[in-house]
>>> print(open('start_15.cif').read())   # mmCIF, C-alpha atoms
data_coords
#
loop_
_atom_site.label_atom_id
_atom_site.label_comp_id
_atom_site.auth_asym_id
_atom_site.auth_seq_id
_atom_site.Cartn_x
_atom_site.Cartn_y
_atom_site.Cartn_z
CA MET D 1 0.00 0.00 0.00
CA LEU D 2 1.16 3.54 -0.72
CA SER D 3 2.39 5.52 2.26
CA GLU D 4 0.91 8.94 3.01
CA GLN D 5 3.97 10.59 1.45
CA GLN D 6 3.64 8.50 -1.72
CA ASP D 7 -0.09 9.06 -2.24
CA ALA D 8 0.27 12.20 -4.35
CA TYR D 9 -2.73 11.43 -6.59
CA GLY D 10 -4.96 10.72 -3.60
CA ARG D 11 -3.93 13.96 -1.93
CA ILE D 12 -4.82 15.87 -5.12
CA VAL D 13 -8.39 14.54 -5.26
CA TRP D 14 -8.85 14.76 -1.48
CA ASP D 15 -7.79 18.41 -1.44
CA HIS D 16 -10.02 19.20 -4.43
CA LEU D 17 -12.97 17.56 -2.68
CA HIS D 18 -12.40 19.88 0.27
CA GLY D 19 -12.13 23.04 -1.80
CA LYS D 20 -8.36 23.41 -1.88
CA PRO D 21 -6.51 24.30 -5.10
CA SER D 22 -4.47 21.41 -6.47
CA ALA D 23 -2.23 20.77 -9.48
CA GLU D 24 -1.00 17.37 -10.67
CA ILE D 25 2.56 17.25 -12.04
CA ILE D 26 3.44 14.28 -14.25
CA GLU D 27 7.17 13.51 -14.41
CA ARG D 28 8.69 11.10 -16.96
CA ASP D 29 11.98 9.25 -16.57
CA ASP D 30 13.66 11.26 -19.35
CA GLY D 31 13.26 14.49 -17.35
CA TRP D 32 10.09 15.67 -19.15
CA PHE D 33 7.25 16.93 -16.94
CA ALA D 34 3.88 18.60 -17.38
CA VAL D 35 0.86 19.77 -15.40
CA SER D 36 -2.16 17.57 -16.16
CA GLY D 37 -5.80 18.61 -16.49
CA GLY D 38 -6.00 17.49 -12.90
CA ALA D 39 -8.74 17.19 -10.34
CA PRO D 40 -11.62 18.95 -12.15
CA ASN D 41 -11.56 16.18 -14.78
CA TYR D 42 -11.68 13.49 -12.09
CA PHE D 43 -14.84 15.02 -10.61
CA ALA D 44 -16.63 15.92 -13.85
CA GLU D 45 -20.36 15.24 -14.16
CA PHE D 46 -21.51 12.97 -17.00
CA LYS D 47 -22.85 15.91 -19.03
CA ASP D 48 -19.34 17.38 -19.10
CA TRP D 49 -17.53 14.19 -20.17
CA PRO D 50 -16.06 14.00 -23.69
CA ARG D 51 -18.54 12.52 -26.15
CA HIS D 52 -16.59 9.27 -26.69
CA GLN D 53 -16.65 8.59 -22.95
CA GLN D 54 -20.39 9.19 -22.79
CA VAL D 55 -20.95 6.77 -25.68
CA ALA D 56 -18.69 4.21 -23.98
CA MET D 57 -21.14 3.96 -21.06
CA GLN D 58 -23.70 2.46 -23.45
CA PHE D 59 -21.50 -0.65 -23.68
CA VAL D 60 -21.32 -1.21 -19.92
CA ARG D 61 -23.58 -3.99 -18.66
CA GLY D 62 -24.21 -6.04 -15.55
CA ARG D 63 -21.87 -6.07 -12.58
CA VAL D 64 -18.92 -3.71 -13.09
CA LEU D 65 -15.32 -3.57 -11.87
CA ASP D 66 -14.04 0.01 -12.21
CA VAL D 67 -10.24 -0.30 -12.33
CA GLY D 68 -8.42 2.84 -11.20
CA CYS D 69 -11.67 4.47 -10.09
CA GLY D 70 -9.97 7.68 -8.93
CA ALA D 71 -12.45 10.13 -7.42
CA GLY D 72 -15.36 7.87 -8.40
CA ARG D 73 -17.01 9.70 -11.28
CA CYS D 74 -17.74 6.50 -13.27
CA CYS D 75 -18.78 4.55 -10.17
CA LEU D 76 -21.28 7.23 -9.20
CA TYR D 77 -22.73 7.53 -12.70
CA LEU D 78 -23.13 3.76 -13.08
CA GLN D 79 -24.63 3.37 -9.58
CA LYS D 80 -27.29 5.92 -10.51
CA SER D 81 -27.89 3.97 -13.73
CA GLY D 82 -28.68 0.82 -11.74
CA HIS D 83 -25.40 -1.09 -11.99
CA GLN D 84 -23.68 -2.89 -9.13
CA VAL D 85 -20.17 -1.44 -9.18
CA VAL D 86 -16.97 -2.31 -7.35
CA GLY D 87 -14.32 0.41 -7.56
CA ILE D 88 -10.65 -0.31 -6.95
CA ASP D 89 -7.68 2.03 -6.75
CA ALA D 90 -4.13 1.79 -5.41
CA SER D 91 -4.55 5.17 -3.69
CA PRO D 92 -5.93 5.05 -0.12
CA LEU D 93 -6.97 8.71 -0.22
CA ALA D 94 -8.71 8.29 -3.58
CA VAL D 95 -10.70 5.42 -2.07
CA LYS D 96 -11.53 7.58 0.95
CA THR D 97 -12.64 10.33 -1.45
CA CYS D 98 -14.92 7.88 -3.29
CA ARG D 99 -16.53 6.75 -0.04
CA GLN D 100 -17.15 10.31 1.06
CA ARG D 101 -18.76 11.04 -2.33
CA GLY D 102 -21.14 8.09 -2.01
CA VAL D 103 -19.55 5.17 -3.85
CA ASN D 104 -21.10 2.07 -2.31
CA ASP D 105 -18.28 -0.47 -2.76
CA VAL D 106 -14.72 0.77 -3.22
CA ARG D 107 -11.47 -0.83 -2.11
CA VAL D 108 -7.75 -0.09 -1.91
CA LEU D 109 -6.46 -2.62 -4.41
CA PRO D 110 -3.99 -2.39 -7.32
CA ILE D 111 -4.90 -4.11 -10.58
CA THR D 112 -2.22 -6.75 -10.01
CA GLN D 113 -4.10 -8.03 -6.95
CA VAL D 114 -7.49 -8.49 -8.61
CA SER D 115 -8.76 -12.01 -7.88
CA ARG D 116 -11.87 -14.17 -7.76
CA ALA D 117 -12.38 -12.99 -4.18
CA LEU D 118 -14.08 -9.93 -5.72
CA GLY D 119 -16.70 -12.11 -7.40
CA ARG D 120 -17.65 -12.35 -11.07
CA PHE D 121 -18.01 -9.31 -13.32
CA ASP D 122 -19.80 -8.60 -16.59
CA THR D 123 -17.84 -5.45 -17.42
CA ILE D 124 -14.28 -4.37 -16.62
CA LEU D 125 -14.11 -0.59 -16.89
CA MET D 126 -10.79 1.19 -17.50
CA MET D 127 -11.66 4.80 -18.31
CA GLY D 128 -9.47 7.87 -17.90
CA ASN D 129 -6.81 6.32 -20.15
CA ASN D 130 -6.60 3.43 -17.69
CA PHE D 131 -5.60 0.80 -20.21
CA GLY D 132 -2.28 2.31 -19.16
CA LEU D 133 -2.51 0.55 -15.80
CA PHE D 134 -1.53 -2.69 -17.54
CA GLY D 135 1.96 -1.19 -17.49
CA SER D 136 3.70 -3.26 -20.17
CA ARG D 137 2.93 -5.74 -22.94
CA LEU D 138 3.96 -8.71 -20.79
CA ARG D 139 2.00 -7.62 -17.73
CA ALA D 140 -1.02 -6.70 -19.87
CA ARG D 141 -1.18 -10.21 -21.32
CA TRP D 142 -0.90 -11.78 -17.86
CA LEU D 143 -3.62 -9.53 -16.43
CA LEU D 144 -5.94 -9.97 -19.42
CA ARG D 145 -5.85 -13.73 -18.89
CA ARG D 146 -6.53 -13.16 -15.21
CA LEU D 147 -9.54 -10.95 -16.02
CA HIS D 148 -10.77 -13.63 -18.42
CA ALA D 149 -10.98 -16.06 -15.48
CA LEU D 150 -13.09 -13.80 -13.24
CA THR D 151 -15.63 -12.52 -15.76
CA SER D 152 -18.89 -13.91 -17.11
CA PRO D 153 -18.95 -15.75 -20.48
CA ASP D 154 -20.15 -12.70 -22.44
CA ALA D 155 -18.10 -10.13 -20.50
CA ARG D 156 -16.66 -6.92 -21.91
CA ILE D 157 -13.71 -4.70 -21.16
CA VAL D 158 -14.33 -1.01 -21.88
CA ALA D 159 -10.92 0.66 -21.87
CA GLU D 160 -9.56 4.06 -22.85
CA SER D 161 -6.12 4.69 -24.33
CA ILE D 162 -4.20 7.17 -26.50
CA ASN D 163 -2.85 6.58 -29.97
CA VAL D 164 0.80 7.08 -29.07
CA TYR D 165 1.78 7.88 -32.66
CA GLN D 166 -0.61 10.81 -33.13
CA THR D 167 1.93 13.39 -32.03
CA LYS D 168 4.46 15.71 -33.63
CA ASP D 169 5.95 16.78 -30.31
CA PRO D 170 9.73 16.25 -30.63
CA ASP D 171 10.05 15.39 -26.92
CA HIS D 172 7.47 12.61 -27.24
CA LEU D 173 8.96 11.31 -30.51
CA ARG D 174 12.42 11.29 -28.93
CA TYR D 175 11.05 9.35 -25.95
CA GLN D 176 9.41 6.79 -28.24
CA ARG D 177 12.75 6.16 -29.95
CA PHE D 178 14.41 5.93 -26.50
CA ASN D 179 11.86 3.27 -25.48
CA ARG D 180 12.36 1.20 -28.62
CA ARG D 181 16.14 1.24 -28.17
CA ARG D 182 15.75 -0.28 -24.70
CA GLY D 183 13.31 -2.96 -25.88
CA ARG D 184 10.12 -1.34 -24.64
CA MET D 185 6.94 -0.48 -26.53
CA SER D 186 6.95 3.09 -27.86
CA GLY D 187 4.24 4.15 -25.40
CA GLN D 188 5.51 2.31 -22.31
CA LEU D 189 5.98 5.33 -20.09
CA ARG D 190 7.93 5.43 -16.85
CA LEU D 191 6.20 8.04 -14.67
CA ARG D 192 5.65 9.41 -11.25
CA VAL D 193 3.10 11.92 -9.94
CA ARG D 194 4.09 14.93 -7.83
CA TYR D 195 1.94 17.27 -5.76
CA ARG D 196 3.29 19.69 -3.16
CA ARG D 197 5.57 17.55 -0.97
CA TYR D 198 3.99 14.26 -2.08
CA CYS D 199 5.46 11.98 -4.74
CA THR D 200 4.47 8.52 -5.96
CA PRO D 201 7.00 5.77 -6.67
CA TRP D 202 8.00 5.36 -10.32
CA PHE D 203 5.54 3.19 -12.26
CA ASP D 204 5.06 1.95 -15.84
CA TYR D 205 2.04 3.20 -17.79
CA LEU D 206 1.24 1.76 -21.21
CA ILE D 207 -0.36 3.78 -23.99
CA VAL D 208 -0.94 2.01 -27.31
CA SER D 209 -2.24 2.59 -30.81
CA PRO D 210 -5.36 0.62 -31.85
CA GLU D 211 -3.18 -1.77 -33.87
CA GLU D 212 -0.82 -2.29 -30.93
CA MET D 213 -3.80 -3.01 -28.69
CA LYS D 214 -4.90 -5.79 -31.06
CA MET D 215 -1.39 -7.22 -30.91
CA VAL D 216 -1.35 -7.15 -27.09
CA LEU D 217 -4.75 -8.88 -26.96
CA ALA D 218 -3.80 -11.77 -29.28
CA GLY D 219 -3.95 -15.07 -27.40
CA THR D 220 -5.35 -13.60 -24.15
CA GLY D 221 -9.00 -14.56 -24.70
CA TRP D 222 -10.08 -11.03 -25.67
CA ARG D 223 -10.60 -9.26 -29.00
CA VAL D 224 -11.65 -5.81 -30.15
CA GLN D 225 -15.35 -5.49 -30.86
CA ARG D 226 -15.13 -1.81 -31.82
CA PHE D 227 -13.20 1.39 -31.31
CA LEU D 228 -14.89 4.63 -30.27
CA LYS D 229 -12.93 7.59 -31.58
CA SER D 230 -12.64 11.01 -29.99
CA ALA D 231 -11.95 14.41 -31.50
CA GLY D 232 -8.32 14.06 -30.38
CA PHE D 233 -5.79 11.36 -29.56
CA LEU D 234 -7.92 9.44 -27.07
CA TYR D 235 -10.09 6.46 -27.99
CA VAL D 236 -12.12 3.81 -26.21
CA ALA D 237 -11.89 0.12 -27.09
CA VAL D 238 -14.81 -2.20 -26.42
CA LEU D 239 -13.31 -5.65 -25.98
CA GLU D 240 -15.30 -8.87 -26.03
CA LYS D 241 -14.47 -12.14 -24.36
CA LEU D 242 -13.69 -15.17 -26.50
CA PRO D 243 -14.95 -18.63 -25.43
#
>>> encode(input="start_15.cif", output="C-alpha cells")
Amino acid sequence: MLSEQQDAYGRIVWDHLHGKPSAEIIERDDGWFAVSGGAPNYFAEFKDWPRHQQVAMQFVRGRVLDVGCGAGRCCLYLQKSGHQVVGIDASPLAVKTCRQRGVNDVRVLPITQVSRALGRFDTILMMGNNFGLFGSRLRARWLLRRLHALTSPDARIVAESINVYQTKDPDHLRYQRFNRRRGRMSGQLRLRVRYRRYCTPWFDYLIVSPEEMKMVLAGTGWRVQRFLKSAGFLYVAVLEKLP
C-alpha cells in the first residue's frame, strides 16, 4: 500500500474535494514533466464528459469492476444507472474520497491483486486512459488472462487509451525512440506523480495505438469489438471475451 507521502494522486483529489486548489505534475523518466488537467476532470459530471466517454457507457452492462476508479465519477454515474459497481484504486486517499462522495463499494487494491475474491463481473471498466494501468505488454497479457478467469462468459472490457503515434511533439517522438532502443513499446511510459511535498514511486504506464492493442490482446482470450474515436488522440476500445 502507498504511504501517506507516496499518495500524491490521492492527496490531489482529497484536497479538491475539500475546496483546496491542487495541481498534478506528471514527471517522466527522461526528465520531461507537465501539469495535467488534474482534479476537475476526475470530478466531472456525465454531461461534461467527452462525447466518446459518454458513448462508452452504453457498452457497460451487468456487474462492473471500475479499475483505477480515482475520485469515483464513473462509479457514481453507473450506480445511478442501476449497476452494481466495485471500484478499486491503489490510492488510499482516492478510495476515501470515493466513499465520502457516495460510492457504495470501493477498495484499496492495485490491478495486479485483482482475484476471484471480488466475485464475477460482466464489465471491466478502465476509463481515464486506464488501459495504461496494464503497465507493459507482458503484464497486460498476464492480467488480461486473469480478467478472463473472473468474468462472465459474455463479458466486456471497456478501456480508454491514447494513440501514441498521433503526435508531432519532438520530446514525445524522442522518448518513443528511446523506449524502442531499450526494448520497450513506444508508449511504455515510466512516470511518477508529484503534488506539493507528495510523490508517488515510479511506475510503468502503457499507452498504445489501436493496432498495438490488437497485438497485445492476441492469445489472451479477448478481442476488439469496436473502437470509439474522440476528437483528439484518445479512444475507447470495447473488448469482447472469446470462449
>>> closest_residue(input="start_15.cif", among="D:Arg177, D:Arg28, D:Lys96, D:His18", to="Val108 in chain D", atoms="all atoms listed in the file")
D:Lys96
>>> resolve_selection(input="start_15.cif", expression="the PyMOL selection byres ((chain D and resi 141-156) around 6)", output="list of chain:residue names")
D:Arg116, D:Arg120, D:Phe121, D:Asp122, D:Thr123, D:Leu138, D:Arg139, D:Ala140, D:Ile157, D:Thr220, D:Leu239, D:Glu240, D:Lys241
>>> resolve_selection(input="start_15.cif", expression="the PyMOL selection byres ((chain D and resi 212) around 12)", output="PyMOL selection string")
chain D and resi 136-137+140+161-165+185-188+206-211+213-218+224+237
>>> residues_around(input="start_15.cif", residues="Glu45 in chain D", least_positions_apart="6", cutoff="10 Å", atoms="all atoms listed in the file", output="number ranges by chain")
D: 73-74, 76-77
>>> resolve_selection(input="start_15.cif", expression="the PyMOL selection byres ((chain D and resi 172) around 12)", output="PDB file with C-alpha atoms, keeping the file's coordinate frame")
ATOM      1  CA  ARG D  28       8.690  11.100 -16.960  1.00  0.00           C
ATOM      2  CA  ASP D  30      13.660  11.260 -19.350  1.00  0.00           C
ATOM      3  CA  GLY D  31      13.260  14.490 -17.350  1.00  0.00           C
ATOM      4  CA  TRP D  32      10.090  15.670 -19.150  1.00  0.00           C
ATOM      5  CA  PHE D  33       7.250  16.930 -16.940  1.00  0.00           C
ATOM      6  CA  VAL D 164       0.800   7.080 -29.070  1.00  0.00           C
ATOM      7  CA  TYR D 165       1.780   7.880 -32.660  1.00  0.00           C
ATOM      8  CA  GLN D 166      -0.610  10.810 -33.130  1.00  0.00           C
ATOM      9  CA  THR D 167       1.930  13.390 -32.030  1.00  0.00           C
ATOM     10  CA  LYS D 168       4.460  15.710 -33.630  1.00  0.00           C
ATOM     11  CA  ASP D 169       5.950  16.780 -30.310  1.00  0.00           C
ATOM     12  CA  PRO D 170       9.730  16.250 -30.630  1.00  0.00           C
ATOM     13  CA  ASP D 171      10.050  15.390 -26.920  1.00  0.00           C
ATOM     14  CA  LEU D 173       8.960  11.310 -30.510  1.00  0.00           C
ATOM     15  CA  ARG D 174      12.420  11.290 -28.930  1.00  0.00           C
ATOM     16  CA  TYR D 175      11.050   9.350 -25.950  1.00  0.00           C
ATOM     17  CA  GLN D 176       9.410   6.790 -28.240  1.00  0.00           C
ATOM     18  CA  ARG D 177      12.750   6.160 -29.950  1.00  0.00           C
ATOM     19  CA  PHE D 178      14.410   5.930 -26.500  1.00  0.00           C
ATOM     20  CA  ASN D 179      11.860   3.270 -25.480  1.00  0.00           C
ATOM     21  CA  SER D 186       6.950   3.090 -27.860  1.00  0.00           C
ATOM     22  CA  GLY D 187       4.240   4.150 -25.400  1.00  0.00           C
ATOM     23  CA  GLN D 188       5.510   2.310 -22.310  1.00  0.00           C
ATOM     24  CA  LEU D 189       5.980   5.330 -20.090  1.00  0.00           C
TER      25      LEU D 189
END
>>> axis_aligned_box(input="start_15.cif", around="range 227-239 of chain D", padding_each_side="4 Å", output="lines of an AutoDock Vina configuration file")
center_x = -10.3
center_y = 4.4
center_z = -28.8
size_x = 17.1
size_y = 28.1
size_z = 13.6
>>> residues_around(input="start_15.cif", residues="Glu4 in chain D", least_positions_apart="2", cutoff="10 Å", atoms="all atoms listed in the file", output="CSV table (one decimal) with C-alpha atoms, in the frame of the given file")
chain,number,residue,atom,x,y,z
D,1,MET,CA,0.0,0.0,0.0
D,2,LEU,CA,1.2,3.5,-0.7
D,6,GLN,CA,3.6,8.5,-1.7
D,7,ASP,CA,-0.1,9.1,-2.2
D,8,ALA,CA,0.3,12.2,-4.4
D,10,GLY,CA,-5.0,10.7,-3.6
D,11,ARG,CA,-3.9,14.0,-1.9
D,91,SER,CA,-4.6,5.2,-3.7
D,92,PRO,CA,-5.9,5.0,-0.1
D,93,LEU,CA,-7.0,8.7,-0.2
D,198,TYR,CA,4.0,14.3,-2.1
D,199,CYS,CA,5.5,12.0,-4.7
D,200,THR,CA,4.5,8.5,-6.0
>>> residues_around(input="start_15.cif", residues="Arg107 in chain D", least_positions_apart="6", cutoff="8 Å", atoms="all atoms listed in the file", output="JSON, numbers by chain")
{"D": [86, 87, 88, 89, 95]}
>>> atom_distance(input="start_15.cif", atom1="CA of Tyr235 in chain D", atom2="CA of Gln113 in chain D")
26.2 Å
>>> closest_residue(input="start_15.cif", among="D:Tyr205, D:Val106, D:Cys75, D:His16", to="Arg184 in chain D", atoms="all atoms listed in the file")
D:Tyr205
>>> atom_distance(input="start_15.cif", atom1="CA of Asp48 in chain D", atom2="CA of Ser22 in chain D")
19.9 Å
>>> atom_distance(input="start_15.cif", atom1="CA of Val13 in chain D", atom2="CA of Phe203 in chain D")
19.3 Å
>>> closest_residue(input="start_15.cif", among="D:Gly19, D:Gly128, D:Arg63, D:Arg196", to="Asn41 in chain D", atoms="only C-alpha atoms")
D:Gly128
>>> build_atoms(input="start_15.cif", residues="range 98-123 of chain D", atoms="N, CA, C and O atoms", output="CSV table (one decimal), keeping the file's coordinate frame")
chain,number,residue,atom,x,y,z
D,98,CYS,N,-13.8,8.6,-2.7
D,98,CYS,CA,-14.9,7.9,-3.3
D,98,CYS,C,-16.0,7.6,-2.2
D,98,CYS,O,-17.2,7.8,-2.5
D,99,ARG,N,-15.6,7.1,-1.1
D,99,ARG,CA,-16.5,6.8,0.0
D,99,ARG,C,-17.3,8.0,0.4
D,99,ARG,O,-18.5,8.0,0.6
D,100,GLN,N,-16.5,9.1,0.6
D,100,GLN,CA,-17.2,10.3,1.1
D,100,GLN,C,-18.1,10.9,0.0
D,100,GLN,O,-19.1,11.5,0.4
D,101,ARG,N,-17.9,10.6,-1.3
D,101,ARG,CA,-18.8,11.0,-2.3
D,101,ARG,C,-20.0,10.1,-2.6
D,101,ARG,O,-20.8,10.5,-3.3
D,102,GLY,N,-20.0,8.9,-1.9
D,102,GLY,CA,-21.1,8.1,-2.0
D,102,GLY,C,-21.0,6.8,-2.8
D,102,GLY,O,-22.0,6.2,-3.1
D,103,VAL,N,-19.8,6.4,-3.2
D,103,VAL,CA,-19.6,5.2,-3.8
D,103,VAL,C,-19.8,4.0,-2.9
D,103,VAL,O,-19.2,4.0,-1.8
D,104,ASN,N,-20.6,3.1,-3.2
D,104,ASN,CA,-21.1,2.1,-2.3
D,104,ASN,C,-20.0,1.0,-2.0
D,104,ASN,O,-19.9,0.6,-0.8
D,105,ASP,N,-19.3,0.6,-3.0
D,105,ASP,CA,-18.3,-0.5,-2.8
D,105,ASP,C,-17.0,-0.1,-3.4
D,105,ASP,O,-16.9,-0.1,-4.7
D,106,VAL,N,-16.0,0.3,-2.7
D,106,VAL,CA,-14.7,0.8,-3.2
D,106,VAL,C,-13.6,0.3,-2.3
D,106,VAL,O,-13.8,0.3,-1.1
D,107,ARG,N,-12.5,-0.2,-2.9
D,107,ARG,CA,-11.5,-0.8,-2.1
D,107,ARG,C,-10.1,-0.4,-2.5
D,107,ARG,O,-9.9,-0.1,-3.7
D,108,VAL,N,-9.1,-0.4,-1.6
D,108,VAL,CA,-7.8,-0.1,-1.9
D,108,VAL,C,-7.2,-1.4,-2.5
D,108,VAL,O,-6.9,-2.3,-1.7
D,109,LEU,N,-6.9,-1.4,-3.8
D,109,LEU,CA,-6.5,-2.6,-4.4
D,109,LEU,C,-5.8,-2.3,-5.8
D,109,LEU,O,-6.5,-1.7,-6.6
D,110,PRO,N,-4.6,-2.6,-6.0
D,110,PRO,CA,-4.0,-2.4,-7.3
D,110,PRO,C,-4.5,-3.5,-8.3
D,110,PRO,O,-4.9,-4.5,-7.9
D,111,ILE,N,-4.4,-3.2,-9.6
D,111,ILE,CA,-4.9,-4.1,-10.6
D,111,ILE,C,-4.2,-5.5,-10.5
D,111,ILE,O,-4.8,-6.5,-10.8
D,112,THR,N,-3.0,-5.5,-10.1
D,112,THR,CA,-2.2,-6.8,-10.0
D,112,THR,C,-2.7,-7.7,-8.9
D,112,THR,O,-2.4,-8.9,-8.9
D,113,GLN,N,-3.6,-7.2,-8.0
D,113,GLN,CA,-4.1,-8.0,-7.0
D,113,GLN,C,-5.6,-8.4,-7.1
D,113,GLN,O,-6.2,-9.0,-6.2
D,114,VAL,N,-6.1,-8.1,-8.3
D,114,VAL,CA,-7.5,-8.5,-8.6
D,114,VAL,C,-7.6,-10.0,-8.6
D,114,VAL,O,-6.7,-10.7,-9.2
D,115,SER,N,-8.6,-10.6,-8.0
D,115,SER,CA,-8.8,-12.0,-7.9
D,115,SER,C,-10.2,-12.4,-7.8
D,115,SER,O,-11.1,-11.5,-7.8
D,116,ARG,N,-10.5,-13.7,-7.8
D,116,ARG,CA,-11.9,-14.2,-7.8
D,116,ARG,C,-12.6,-13.8,-6.4
D,116,ARG,O,-13.8,-14.0,-6.3
D,117,ALA,N,-11.8,-13.4,-5.5
D,117,ALA,CA,-12.4,-13.0,-4.2
D,117,ALA,C,-13.3,-11.8,-4.4
D,117,ALA,O,-14.2,-11.6,-3.5
D,118,LEU,N,-13.2,-11.1,-5.4
D,118,LEU,CA,-14.1,-9.9,-5.7
D,118,LEU,C,-15.4,-10.4,-6.3
D,118,LEU,O,-16.3,-9.6,-6.4
D,119,GLY,N,-15.5,-11.6,-6.7
D,119,GLY,CA,-16.7,-12.1,-7.4
D,119,GLY,C,-16.6,-12.0,-8.9
D,119,GLY,O,-15.5,-11.7,-9.4
D,120,ARG,N,-17.7,-12.3,-9.6
D,120,ARG,CA,-17.6,-12.4,-11.1
D,120,ARG,C,-18.2,-11.0,-11.6
D,120,ARG,O,-19.2,-10.5,-11.1
D,121,PHE,N,-17.6,-10.6,-12.7
D,121,PHE,CA,-18.0,-9.3,-13.3
D,121,PHE,C,-18.4,-9.5,-14.8
D,121,PHE,O,-17.9,-10.4,-15.5
D,122,ASP,N,-19.3,-8.6,-15.2
D,122,ASP,CA,-19.8,-8.6,-16.6
D,122,ASP,C,-19.1,-7.5,-17.4
D,122,ASP,O,-19.0,-7.6,-18.6
D,123,THR,N,-18.6,-6.5,-16.7
D,123,THR,CA,-17.8,-5.4,-17.4
D,123,THR,C,-16.6,-5.1,-16.6
D,123,THR,O,-16.8,-4.8,-15.4
